[in-house]
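This report concerns only the one structure given below.
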Amino acid sequence: MSILPELQWRGLIADTNLDSETPATVYAGFDPTAESLHVGHLMALTMLRRFQQAGWRAIAVIGGATGMVGDPSGKNEERNLLDLDTLRKNVTSIKTQIEQLLNIEIANNYEWMRDFHYLDFLRDVGKHFPVNVMLTKDSVQNRMESGLSYTEFSYMLIQAYDFVYLNHWHNCTLQIGGSDQWGNITAGIDLARRMEGAQVYGLTCPLLTKNDGAKMGKTESGTAWLSAKKTSPYDFYQFWLNSADADVGRFLKYLTNLTQSEIESVMVEHSSNPSRRIAQRRLADTLTQFVHGSESC
């Protein structure tokens, strides 16, 4: 299957420098900021599934190291750092969660960062990062007024090195993520060129948002989680059933494996009688089965 045309008609390309569709190795990162992933992470998870279905080798990287630092992207203020025991529990929980959803390789960037001494990291990695370039990244620019600690400022270096490591040891040539990650991804592309002379690529997809631009994932009762312990399958189903008519067609393209003709058929049937919520039911059925199994519907 040709992956780029598939992503284009689904509206899943925000930024990319990918110029070849030859199947290779792709990865996406997931920081263990909580014990469960939430519905916003479905974008990256289903993107990995799409690449795998197109013949790519897919790797999910859990940020055991980056989670210790905190990603400033998309945040108005600094995250509270989690204690190490909580981080380890979150890593284990998220690894189990991804294993239940996808049949792909899973890595933890703490495994290759834990023995990297600080001075060695500064000499081997930090010297390749021009500060003036780092200051132009959105994740940094957006926090200059509210304040950005050196800890969060360093996040970009660690994520960039992930790409170098995965390219060197796993021949990974593509990193994917949400559109708010483009600055971090391009930092990795540049670092791979400077350290290894390697040509690697990045691709971001839109963030999962409502038609008014608000991020998906929040409800009146809190975040919509993928864990059945935190958000029951019933509530998870209801979350998608309550999708607005203005959003549901886009969500079907973003998150399901339904073909273009199937989605068009669903939307035609839906438009004939929107009160029946045919599109929302198809979306809720498909995603609840993916996350919680067929017996949940």
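Labels used: A, B, ... for chains in the order of the structure tokens, numbers from 1 for residues in each chain, and numbers from 1 for ligands as shown.
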Please provide the set of residues having any atom within 6 Å of range 22-32 of chain A, restricted to only C-alpha atoms, with same-chain residues fewer than 5 positions apart removed, written as a PyMOL selection string.
chain A and resi 55-63+67+90-91+172-177
Within 10 Å of Phe129 in chain A using only C-alpha atoms, minus same-chain residues under 3 positions, as an NGL selection string
:A and (122 or 125-126 or 132-134 or 156-157 or 160 or 187 or 190-191 or 194)
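Note that CA of Gly202 in chain A and CA of Ile185 in chain A are 6.1 Å apart.
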Would you list the contacts of Ser149 in chain A as an MDAnalysis selection string, taking every protein, DNA or RNA residue within 10 Å and counting only C-alpha atoms, but skipping same-chain residues closer than 3 positions in sequence?
chainID A and resid 72 77:78 143:144 152:154
Would you write out those residues with C-alpha atoms, as an mmCIF file, in the first residue's frame?
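That gives us selection_2.cif:
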```cif
data_model
loop_
_atom_site.group_PDB
_atom_site.id
_atom_site.type_symbol
_atom_site.label_atom_id
_atom_site.label_comp_id
_atom_site.auth_asym_id
_atom_site.auth_seq_id
_atom_site.Cartn_x
_atom_site.Cartn_y
_atom_site.Cartn_z
ATOM 1 C CA PRO A 72 7.646 21.880 27.131
ATOM 2 C CA GLU A 77 3.981 26.277 32.347
ATOM 3 C CA GLU A 78 6.509 23.746 33.558
ATOM 4 C CA ARG A 143 7.566 29.567 26.894
ATOM 5 C CA MET A 144 10.087 32.389 26.913
ATOM 6 C CA GLU A 152 12.901 21.462 29.973
ATOM 7 C CA PHE A 153 15.195 23.303 27.567
ATOM 8 C CA SER A 154 17.311 20.122 27.484
#
```
I'd like the neighbourhood of Asp162 in chain A as a PyMOL selection string, where a residue qualifies if any of its atoms comes within 9 Å (using only C-alpha atoms), though same-chain residues fewer than 5 positions away should be ignored.
chain A and resi 61+109+112-113+157+167+188
Skip Cys205 in chain A itself and residues of its chain fewer than 5 positions away, then list as a VMD selection string all residues within 7 Å of it, counting only C-alpha atoms.
chain A and resid 12 to 14 177 to 179
Only N, CA and C atoms, please: the residues just picked out, written as a compact mmCIF listing (two decimals), in the first residue's frame.
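Saved result, part.txt, follows:
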```txt
# COMPACT_ATOMS: atom_id res chain seq x y z
N LEU A 12 -3.91 13.52 7.32
CA LEU A 12 -3.02 13.18 8.42
C LEU A 12 -1.60 13.71 8.28
N ILE A 13 -1.35 14.58 7.32
CA ILE A 13 -0.01 15.15 7.17
C ILE A 13 -0.06 16.64 7.49
N ALA A 14 0.63 17.02 8.55
CA ALA A 14 0.75 18.45 8.89
C ALA A 14 2.06 18.99 8.33
N GLY A 177 4.90 12.09 14.81
CA GLY A 177 4.35 12.65 16.05
C GLY A 177 3.30 13.68 15.73
N GLY A 178 2.77 14.30 16.77
CA GLY A 178 1.79 15.36 16.59
C GLY A 178 2.44 16.62 16.05
N SER A 179 1.63 17.53 15.53
CA SER A 179 2.16 18.74 14.92
C SER A 179 2.94 19.60 15.90
```
